[in-house]
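Scroll down for the structure; my scribbles are underneath it.
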Amino acid sequence: MNQLSKIEEENLNLSDIRINGEEIWMFLRVRYYFYFLGKKQKWKSGKRGNIKKKLHYLSTLFYGFKNWFKKYDYIIFSDSSQRKLIDGQYQDKLAEYLSKELEGESLFVELPNLHHENIKEISSRHIVSRIPLITVVNLLMFFLPKYKHGRVDEIQSRYNIEAGYSKWLQEFFGGIKVYKLFFRIYRPKAVVVSNYYYNIDVVIAAKKYGIKVIETQHGVIGESHFAFNINQEFSRRYFPDIMLMFGDDDKEVIDEGGKVLSPYSVGHYYLDYINNKYDLSEKWLGRLSKFKLSIAVSLQLESGKEILDFIAKIAAKRSEYIFLIAMRQDFQRNLIENIPDNVIFPDDLDCYQIVKHCDIHSSVYSTCVQESLALGKYNVLINLDNAASKYYSKLNYTSIVSDKILDDYISALDTYEAVSPEIIQNSMKSYVEPNYMGNIKELVKAGVFN
């Protein structure tokens with residue numbers, strides 16, 4: 001049990017912790033989750049690095065600036081890391097096609113993670129940086145009170161938490177004020193987010209004006225995701241009205257939670273593209289053909305170093321196998337030293353493309369586990385902290401091996417027998433619904449988003 005779950009198991013009625021009428025634990029639980037994760041992984045945020053990051057973000061203030069001065073029917077809060085090169089243009093894999101099908105104009109308000117693509121090379125007609133809005137929130141925080149609550153103080157003391165939650169709450173309430181003003185000016189029909197829990201201030205502000213909130217699923221949910229498996233009762237107004245799901249398996253979790261009024265299984269736009277239109281690289285096919293087996297390894301922020309250490313040891317024992325590493329962030333290539341020559345960090349392929357080129361996919365509990373099966377690839381998962389079993393014990397064409405015994409992983413690779421991609425893909429229809437574009441067209445035609 002993680003620390004957040006422990007707190008919520010041992011403390012009842014956390015929804016009763018309110019400031020200005022808001023159930024603040026709904027917001028704080030997200031911050032505490034990443035606080036505990038950062039402590040566990042010993043994440044460091046040097047002052048010099050933070051200043052450099054802030055200066056970089058400020059340089060994006062005027063990205064697409066002229067697009068602020070128009071009327072829009074839909075506002076899409078997006079993340080630049082979701083943009084993929086599709087048919088010669090960078091498209092948002094979660095919301096691009098939806099924006100094209102919706103009746104009316106859409107504005108992408110994009111967070112630069114790590115950067116925005118050249119505005120001339122993106123598919124979105126109207127796009128701006130989210131940094132101006134975030135900057136206004138940060139400035140407003142100087143004029144807000146230092147919010148405190150006795151029960152939160154008690155929880156921090158009881159569980160030895162040293163977190164400046166008052167500043168978190170200033171950001172939370174500042175965000176609500178800024179986004180309420182934003183929506184009062186633009187008055188969109190609906191707002192789209194890639195996840196509600198990073199955008200609770202947006203969700204609250206939109207619902208204050210009766211604006212529909214749509215979430216596009218961006219990652220695996222299952223029975224363990226902290227943001228969707230909550231043992232406390234919170235108001236439905238903190239959750240999206242509509243959720244566009246990859247498939248029925250995760251939709252069942254959302255249905256059982258009862259907080260999202262209308263979840264729909266629609267599939268995955270980019271997976272359909274990779275399966276049906278993407279051409280494999282002759283360069284990489286030639287390089288991989290020199291090895292007996294090729295393994296795509298998708299990293300996660302919270303377990304990158306451990307997995308790289310593990311894979312490096314395996315690669316040293318099996319020089320006839322090649323491992324292609326799909327990083328979450330570029331710094332991960334420097335997490336370990338003395339990397340064997342058969343461990344490669346491709347700079348010209350994304351995670352999905354790496355998986356499509358390889359024989360096998362490997363990870364802990366990345367969303368790429370489900371997606372790799374949708375791409376017709378077998379999984380060998382590393383059961384670090386029992387996470388792979390917790391999320392993926394029910395998946396077909398997936399082996400889960402101990403992170404403590406190298407020979408178990410090696411044996412899974414050595415005994416691997418190729419399975420037809422079509423057979424694997426057919427087993428995944430409850431996890432990833434086929435025909436994303438057709439499914440979106442049907443929902444638009446039915447007036448779901450109006």
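We label chains A, B, ... in the order they appear in the structure tokens, count residues from 1 in each chain, and number ligands from 1 in the order shown.
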
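Backbone DSSP over region 55-127 of chain A yields alpha helix (DSSP H) at Leu55, His56, Tyr57, Leu58, Glu96, Tyr97, Leu98, Ser99, Lys100 and Glu101 of chain A.
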
Export, as a PDB file, in the first residue's frame, the selected residues with all heavy atoms.
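So the final result, stored in part_17.pdb, reads:
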```pdb
ATOM      1  N   LEU A  55      12.859  30.134 -17.342  1.00  0.00           N
ATOM      2  CA  LEU A  55      13.227  31.014 -18.457  1.00  0.00           C
ATOM      3  C   LEU A  55      12.811  30.402 -19.790  1.00  0.00           C
ATOM      4  O   LEU A  55      12.346  31.114 -20.694  1.00  0.00           O
ATOM      5  CB  LEU A  55      14.732  31.286 -18.432  1.00  0.00           C
ATOM      6  CG  LEU A  55      15.230  32.194 -17.297  1.00  0.00           C
ATOM      7  CD1 LEU A  55      16.755  32.264 -17.298  1.00  0.00           C
ATOM      8  CD2 LEU A  55      14.640  33.605 -17.435  1.00  0.00           C
ATOM      9  N   HIS A  56      12.984  29.092 -19.897  1.00  0.00           N
ATOM     10  CA  HIS A  56      12.562  28.413 -21.132  1.00  0.00           C
ATOM     11  C   HIS A  56      11.056  28.550 -21.330  1.00  0.00           C
ATOM     12  O   HIS A  56      10.577  28.850 -22.426  1.00  0.00           O
ATOM     13  CB  HIS A  56      12.952  26.932 -21.068  1.00  0.00           C
ATOM     14  CG  HIS A  56      12.313  26.103 -22.140  1.00  0.00           C
ATOM     15  ND1 HIS A  56      12.644  26.242 -23.476  1.00  0.00           N
ATOM     16  CD2 HIS A  56      11.345  25.148 -22.088  1.00  0.00           C
ATOM     17  CE1 HIS A  56      11.917  25.403 -24.182  1.00  0.00           C
ATOM     18  NE2 HIS A  56      11.123  24.733 -23.363  1.00  0.00           N
ATOM     19  N   TYR A  57      10.290  28.332 -20.251  1.00  0.00           N
ATOM     20  CA  TYR A  57       8.839  28.457 -20.346  1.00  0.00           C
ATOM     21  C   TYR A  57       8.422  29.880 -20.720  1.00  0.00           C
ATOM     22  O   TYR A  57       7.523  30.087 -21.545  1.00  0.00           O
ATOM     23  CB  TYR A  57       8.177  28.045 -19.027  1.00  0.00           C
ATOM     24  CG  TYR A  57       8.064  26.554 -18.833  1.00  0.00           C
ATOM     25  CD1 TYR A  57       7.856  26.009 -17.571  1.00  0.00           C
ATOM     26  CD2 TYR A  57       8.145  25.680 -19.904  1.00  0.00           C
ATOM     27  CE1 TYR A  57       7.734  24.637 -17.384  1.00  0.00           C
ATOM     28  CE2 TYR A  57       8.029  24.311 -19.731  1.00  0.00           C
ATOM     29  CZ  TYR A  57       7.823  23.797 -18.465  1.00  0.00           C
ATOM     30  OH  TYR A  57       7.711  22.447 -18.293  1.00  0.00           O
ATOM     31  N   LEU A  58       9.077  30.872 -20.108  1.00  0.00           N
ATOM     32  CA  LEU A  58       8.743  32.262 -20.416  1.00  0.00           C
ATOM     33  C   LEU A  58       9.007  32.598 -21.882  1.00  0.00           C
ATOM     34  O   LEU A  58       8.331  33.454 -22.459  1.00  0.00           O
ATOM     35  CB  LEU A  58       9.534  33.203 -19.505  1.00  0.00           C
ATOM     36  CG  LEU A  58       9.069  33.249 -18.038  1.00  0.00           C
ATOM     37  CD1 LEU A  58      10.028  34.084 -17.209  1.00  0.00           C
ATOM     38  CD2 LEU A  58       7.653  33.799 -17.938  1.00  0.00           C
ATOM     39  N   GLU A  96      -6.501  15.675 -31.572  1.00  0.00           N
ATOM     40  CA  GLU A  96      -6.442  16.308 -32.893  1.00  0.00           C
ATOM     41  C   GLU A  96      -7.624  15.914 -33.778  1.00  0.00           C
ATOM     42  O   GLU A  96      -8.319  16.774 -34.332  1.00  0.00           O
ATOM     43  CB  GLU A  96      -5.135  15.941 -33.604  1.00  0.00           C
ATOM     44  CG  GLU A  96      -4.829  16.810 -34.814  1.00  0.00           C
ATOM     45  CD  GLU A  96      -4.337  18.182 -34.401  1.00  0.00           C
ATOM     46  OE1 GLU A  96      -3.491  18.285 -33.517  1.00  0.00           O
ATOM     47  OE2 GLU A  96      -4.834  19.161 -34.992  1.00  0.00           O
ATOM     48  N   TYR A  97      -7.850  14.619 -33.899  1.00  0.00           N
ATOM     49  CA  TYR A  97      -8.936  14.166 -34.776  1.00  0.00           C
ATOM     50  C   TYR A  97     -10.292  14.618 -34.233  1.00  0.00           C
ATOM     51  O   TYR A  97     -11.167  15.040 -35.000  1.00  0.00           O
ATOM     52  CB  TYR A  97      -8.906  12.649 -34.937  1.00  0.00           C
ATOM     53  CG  TYR A  97      -9.896  12.158 -35.953  1.00  0.00           C
ATOM     54  CD1 TYR A  97      -9.629  12.273 -37.317  1.00  0.00           C
ATOM     55  CD2 TYR A  97     -11.118  11.619 -35.565  1.00  0.00           C
ATOM     56  CE1 TYR A  97     -10.560  11.856 -38.263  1.00  0.00           C
ATOM     57  CE2 TYR A  97     -12.042  11.195 -36.494  1.00  0.00           C
ATOM     58  CZ  TYR A  97     -11.763  11.318 -37.851  1.00  0.00           C
ATOM     59  OH  TYR A  97     -12.683  10.908 -38.787  1.00  0.00           O
ATOM     60  N   LEU A  98     -10.451  14.549 -32.927  1.00  0.00           N
ATOM     61  CA  LEU A  98     -11.690  15.020 -32.310  1.00  0.00           C
ATOM     62  C   LEU A  98     -11.933  16.483 -32.660  1.00  0.00           C
ATOM     63  O   LEU A  98     -13.054  16.863 -33.028  1.00  0.00           O
ATOM     64  CB  LEU A  98     -11.600  14.855 -30.789  1.00  0.00           C
ATOM     65  CG  LEU A  98     -12.739  15.452 -29.965  1.00  0.00           C
ATOM     66  CD1 LEU A  98     -14.058  14.747 -30.267  1.00  0.00           C
ATOM     67  CD2 LEU A  98     -12.414  15.379 -28.473  1.00  0.00           C
ATOM     68  N   SER A  99     -10.892  17.317 -32.575  1.00  0.00           N
ATOM     69  CA  SER A  99     -11.046  18.744 -32.865  1.00  0.00           C
ATOM     70  C   SER A  99     -11.476  18.989 -34.303  1.00  0.00           C
ATOM     71  O   SER A  99     -12.189  19.946 -34.593  1.00  0.00           O
ATOM     72  CB  SER A  99      -9.743  19.492 -32.571  1.00  0.00           C
ATOM     73  OG  SER A  99      -8.753  19.226 -33.546  1.00  0.00           O
ATOM     74  N   LYS A 100     -11.024  18.130 -35.215  1.00  0.00           N
ATOM     75  CA  LYS A 100     -11.382  18.284 -36.627  1.00  0.00           C
ATOM     76  C   LYS A 100     -12.834  17.888 -36.889  1.00  0.00           C
ATOM     77  O   LYS A 100     -13.484  18.413 -37.801  1.00  0.00           O
ATOM     78  CB  LYS A 100     -10.450  17.429 -37.506  1.00  0.00           C
ATOM     79  CG  LYS A 100      -8.974  17.810 -37.441  1.00  0.00           C
ATOM     80  CD  LYS A 100      -8.704  19.146 -38.098  1.00  0.00           C
ATOM     81  CE  LYS A 100      -7.213  19.392 -38.305  1.00  0.00           C
ATOM     82  NZ  LYS A 100      -6.457  19.568 -37.058  1.00  0.00           N
ATOM     83  N   GLU A 101     -13.349  16.948 -36.103  1.00  0.00           N
ATOM     84  CA  GLU A 101     -14.711  16.456 -36.305  1.00  0.00           C
ATOM     85  C   GLU A 101     -15.771  17.297 -35.602  1.00  0.00           C
ATOM     86  O   GLU A 101     -16.923  17.327 -36.017  1.00  0.00           O
ATOM     87  CB  GLU A 101     -14.819  15.000 -35.829  1.00  0.00           C
ATOM     88  CG  GLU A 101     -14.085  13.999 -36.704  1.00  0.00           C
ATOM     89  CD  GLU A 101     -14.646  13.961 -38.120  1.00  0.00           C
ATOM     90  OE1 GLU A 101     -15.878  13.866 -38.270  1.00  0.00           O
ATOM     91  OE2 GLU A 101     -13.845  14.035 -39.078  1.00  0.00           O
TER      92      GLU A 101
END
```

### Message
I want to know what sits within 12 Å of Leu261 (chain A), based on only C-alpha atoms, with residues of the same chain fewer than 5 positions away left out; could you give that as a ChimeraX atom specification?
### Response
/A:212-215,236-244,251,254-256,448

### Query
Which neighbours of Lys120 (chain A) fall inside 12 Å, counting only C-alpha atoms, when residues of the same chain fewer than 6 positions from it are skipped, and could you give them as a ChimeraX atom specification?
/A:63-64,88-91,126-127

C-alpha atoms of the current selection, written as a PDB file, in the first residue's frame:
```pdb
ATOM      1  CA  TYR A  63       3.633  31.128 -29.066  1.00  0.00           C
ATOM      2  CA  GLY A  64       0.556  31.428 -31.326  1.00  0.00           C
ATOM      3  CA  GLY A  88       3.900  15.076 -42.346  1.00  0.00           C
ATOM      4  CA  GLN A  89       2.396  17.204 -39.551  1.00  0.00           C
ATOM      5  CA  TYR A  90       2.612  17.136 -35.762  1.00  0.00           C
ATOM      6  CA  GLN A  91      -0.779  16.087 -34.435  1.00  0.00           C
ATOM      7  CA  HIS A 126      -5.450  27.443 -33.657  1.00  0.00           C
ATOM      8  CA  ILE A 127      -2.932  26.951 -30.865  1.00  0.00           C
TER       9      ILE A 127
END
```

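Between Arg318 (chain A) and the candidates A:Ser393, A:Thr367, A:Asn386, A:Ser411, the tightest atom-to-atom separation, counting only C-alpha atoms, involves A:Ser411.
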
### Query
Leaving out Val137 (chain A) and any residue of its chain fewer than 6 positions from it, which residues lie within 7 Å of it when counting only C-alpha atoms, given as a list in words?
Glu171, Gly174, Gly175 and Val178 of chain A

### Task
Compile the contact shell of Ser399 (chain A) as a list in words: residues with an atom at most 9 Å away, counting only C-alpha atoms, same-chain residues fewer than 2 positions apart removed.
Tyr378, Asn379, Val380, Leu381, Ile382, Ser393, Leu395, Asn396, Tyr397, Val401 and Ala412 of chain A

Selection file, N, CA and C atoms, as an mmCIF file, in the first residue's frame:
```cif
data_model
loop_
_atom_site.group_PDB
_atom_site.id
_atom_site.type_symbol
_atom_site.label_atom_id
_atom_site.label_comp_id
_atom_site.auth_asym_id
_atom_site.auth_seq_id
_atom_site.Cartn_x
_atom_site.Cartn_y
_atom_site.Cartn_z
ATOM 1 N N TYR A 378 4.334 -9.144 -28.093
ATOM 2 C CA TYR A 378 4.316 -9.865 -26.818
ATOM 3 C C TYR A 378 5.021 -9.037 -25.747
ATOM 4 N N ASN A 379 4.546 -9.135 -24.490
ATOM 5 C CA ASN A 379 5.147 -8.415 -23.364
ATOM 6 C C ASN A 379 5.932 -9.337 -22.440
ATOM 7 N N VAL A 380 7.080 -8.862 -21.989
ATOM 8 C CA VAL A 380 7.773 -9.462 -20.847
ATOM 9 C C VAL A 380 7.963 -8.336 -19.834
ATOM 10 N N LEU A 381 7.237 -8.421 -18.715
ATOM 11 C CA LEU A 381 7.211 -7.317 -17.747
ATOM 12 C C LEU A 381 8.085 -7.616 -16.531
ATOM 13 N N ILE A 382 8.688 -6.559 -16.002
ATOM 14 C CA ILE A 382 9.568 -6.655 -14.839
ATOM 15 C C ILE A 382 8.765 -6.236 -13.616
ATOM 16 N N SER A 393 -1.844 -8.360 -14.378
ATOM 17 C CA SER A 393 -1.835 -9.813 -14.150
ATOM 18 C C SER A 393 -2.839 -10.552 -15.031
ATOM 19 N N LEU A 395 -3.579 -9.829 -18.285
ATOM 20 C CA LEU A 395 -3.341 -9.687 -19.728
ATOM 21 C C LEU A 395 -2.884 -10.988 -20.360
ATOM 22 N N ASN A 396 -3.390 -11.256 -21.554
ATOM 23 C CA ASN A 396 -2.880 -12.369 -22.356
ATOM 24 C C ASN A 396 -1.574 -11.957 -23.034
ATOM 25 N N TYR A 397 -0.830 -12.936 -23.502
ATOM 26 C CA TYR A 397 0.425 -12.712 -24.241
ATOM 27 C C TYR A 397 1.363 -11.779 -23.471
ATOM 28 N N VAL A 401 7.909 -11.275 -14.786
ATOM 29 C CA VAL A 401 9.044 -11.939 -14.150
ATOM 30 C C VAL A 401 9.580 -11.086 -13.000
ATOM 31 N N ALA A 412 12.647 -16.024 -20.073
ATOM 32 C CA ALA A 412 11.466 -15.574 -20.816
ATOM 33 C C ALA A 412 11.844 -15.154 -22.239
#
```

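CA of Lys290 (chain A) is found 11.0 Å from CA of Ser319 (chain A).
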
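We find CA of Ile424 (chain A) and CA of Lys313 (chain A) to be spaced 29.0 Å apart.
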
Excluding same-chain residues fewer than 6 positions from Gly210 (chain A), what lies within 12 Å of it counting only C-alpha atoms, as an mmCIF file with N, CA and C atoms, in the first residue's frame?
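Output file selection31.cif is given in full below:
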```cif
data_model
loop_
_atom_site.group_PDB
_atom_site.id
_atom_site.type_symbol
_atom_site.label_atom_id
_atom_site.label_comp_id
_atom_site.auth_asym_id
_atom_site.auth_seq_id
_atom_site.Cartn_x
_atom_site.Cartn_y
_atom_site.Cartn_z
ATOM 1 N N LYS A 180 -11.897 30.771 -14.321
ATOM 2 C CA LYS A 180 -13.269 31.291 -14.334
ATOM 3 C C LYS A 180 -13.357 32.534 -15.210
ATOM 4 N N PHE A 183 -13.008 31.472 -18.915
ATOM 5 C CA PHE A 183 -14.220 30.887 -19.507
ATOM 6 C C PHE A 183 -15.353 31.910 -19.601
ATOM 7 N N ARG A 184 -15.359 32.894 -18.729
ATOM 8 C CA ARG A 184 -16.375 33.943 -18.823
ATOM 9 C C ARG A 184 -16.165 34.766 -20.087
ATOM 10 N N ARG A 187 -16.476 31.605 -23.223
ATOM 11 C CA ARG A 187 -17.771 30.916 -23.243
ATOM 12 C C ARG A 187 -17.814 29.743 -24.236
ATOM 13 N N PRO A 188 -16.905 28.775 -24.132
ATOM 14 C CA PRO A 188 -16.935 27.631 -25.057
ATOM 15 C C PRO A 188 -18.103 26.694 -24.745
ATOM 16 N N LYS A 189 -18.456 25.864 -25.731
ATOM 17 C CA LYS A 189 -19.482 24.839 -25.499
ATOM 18 C C LYS A 189 -18.954 23.747 -24.577
ATOM 19 N N ALA A 190 -17.665 23.417 -24.761
ATOM 20 C CA ALA A 190 -17.068 22.336 -23.982
ATOM 21 C C ALA A 190 -15.565 22.563 -23.846
ATOM 22 N N VAL A 191 -14.998 21.940 -22.827
ATOM 23 C CA VAL A 191 -13.556 21.981 -22.558
ATOM 24 C C VAL A 191 -13.038 20.543 -22.609
ATOM 25 N N VAL A 203 -11.467 22.174 -14.419
ATOM 26 C CA VAL A 203 -12.752 21.461 -14.335
ATOM 27 C C VAL A 203 -13.738 22.250 -13.477
ATOM 28 N N ILE A 204 -13.289 22.703 -12.314
ATOM 29 C CA ILE A 204 -14.166 23.468 -11.413
ATOM 30 C C ILE A 204 -14.656 24.741 -12.093
ATOM 31 N N ARG A 237 -18.586 17.064 -9.215
ATOM 32 C CA ARG A 237 -18.198 18.258 -9.977
ATOM 33 C C ARG A 237 -16.687 18.378 -10.164
ATOM 34 N N ASP A 241 -17.379 15.218 -17.342
ATOM 35 C CA ASP A 241 -18.721 14.741 -17.679
ATOM 36 C C ASP A 241 -18.656 13.572 -18.653
#
```

Counting only C-alpha atoms, which residues of region 84-176 of chain A sit at most 12 Å from some atom of region 350-361 of chain A, and what is each one's closest atom pair with its distance in Å to one decimal, listed by chain and rising residue number, as a tab-separated table?
```
residue	atom	partner	partner_atom	distance
A:Lys84	CA	A:Asp350	CA	8.4
A:Leu85	CA	A:Asp350	CA	9.7
A:Ile86	CA	A:Gln353	CA	11.9
A:Lys93	CA	A:Tyr352	CA	11.8
```

Selection from above, C-alpha atoms, as a tab-separated table (two decimals), in the first residue's frame, can you write it?
```
chain	number	residue	atom	x	y	z
A	84	LYS	CA	3.33	12.91	-32.99
A	85	LEU	CA	4.42	13.26	-36.61
A	86	ILE	CA	1.50	11.92	-38.64
A	93	LYS	CA	-2.66	12.03	-30.63
```

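Here CA of Val109 (chain A) is placed at a distance of 12.1 Å from CA of Phe62 (chain A).
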
### Task
Give the answer as one residue: which of A:Ala446, A:Ile440, A:Val30, A:Ile51 has the shortest atom-to-atom distance to Met245 (chain A), using only C-alpha atoms?
A:Ile440

### Residue contacts of Lys71 (chain A) (9 Å, only C-alpha atoms) excluding same-chain residues fewer than 2 positions away, as a list of chain:residue names
A:Trp68, A:Phe69, A:Asp73, A:Glu105, A:Ser106, A:Leu107, A:Tyr186, A:Arg187, A:Pro188

Residues of the last selection are to be written out with C-alpha atoms, as a PDB file, in the first residue's frame.
```pdb
ATOM      1  CA  TRP A  68      -5.982  34.368 -28.305  1.00  0.00           C
ATOM      2  CA  PHE A  69      -8.121  37.010 -30.030  1.00  0.00           C
ATOM      3  CA  ASP A  73     -16.515  26.675 -29.471  1.00  0.00           C
ATOM      4  CA  GLU A 105     -13.599  26.195 -33.976  1.00  0.00           C
ATOM      5  CA  SER A 106     -11.235  24.679 -31.420  1.00  0.00           C
ATOM      6  CA  LEU A 107      -8.330  26.298 -29.574  1.00  0.00           C
ATOM      7  CA  TYR A 186     -14.548  32.758 -24.202  1.00  0.00           C
ATOM      8  CA  ARG A 187     -17.771  30.916 -23.243  1.00  0.00           C
ATOM      9  CA  PRO A 188     -16.935  27.631 -25.057  1.00  0.00           C
TER      10      PRO A 188
END
```
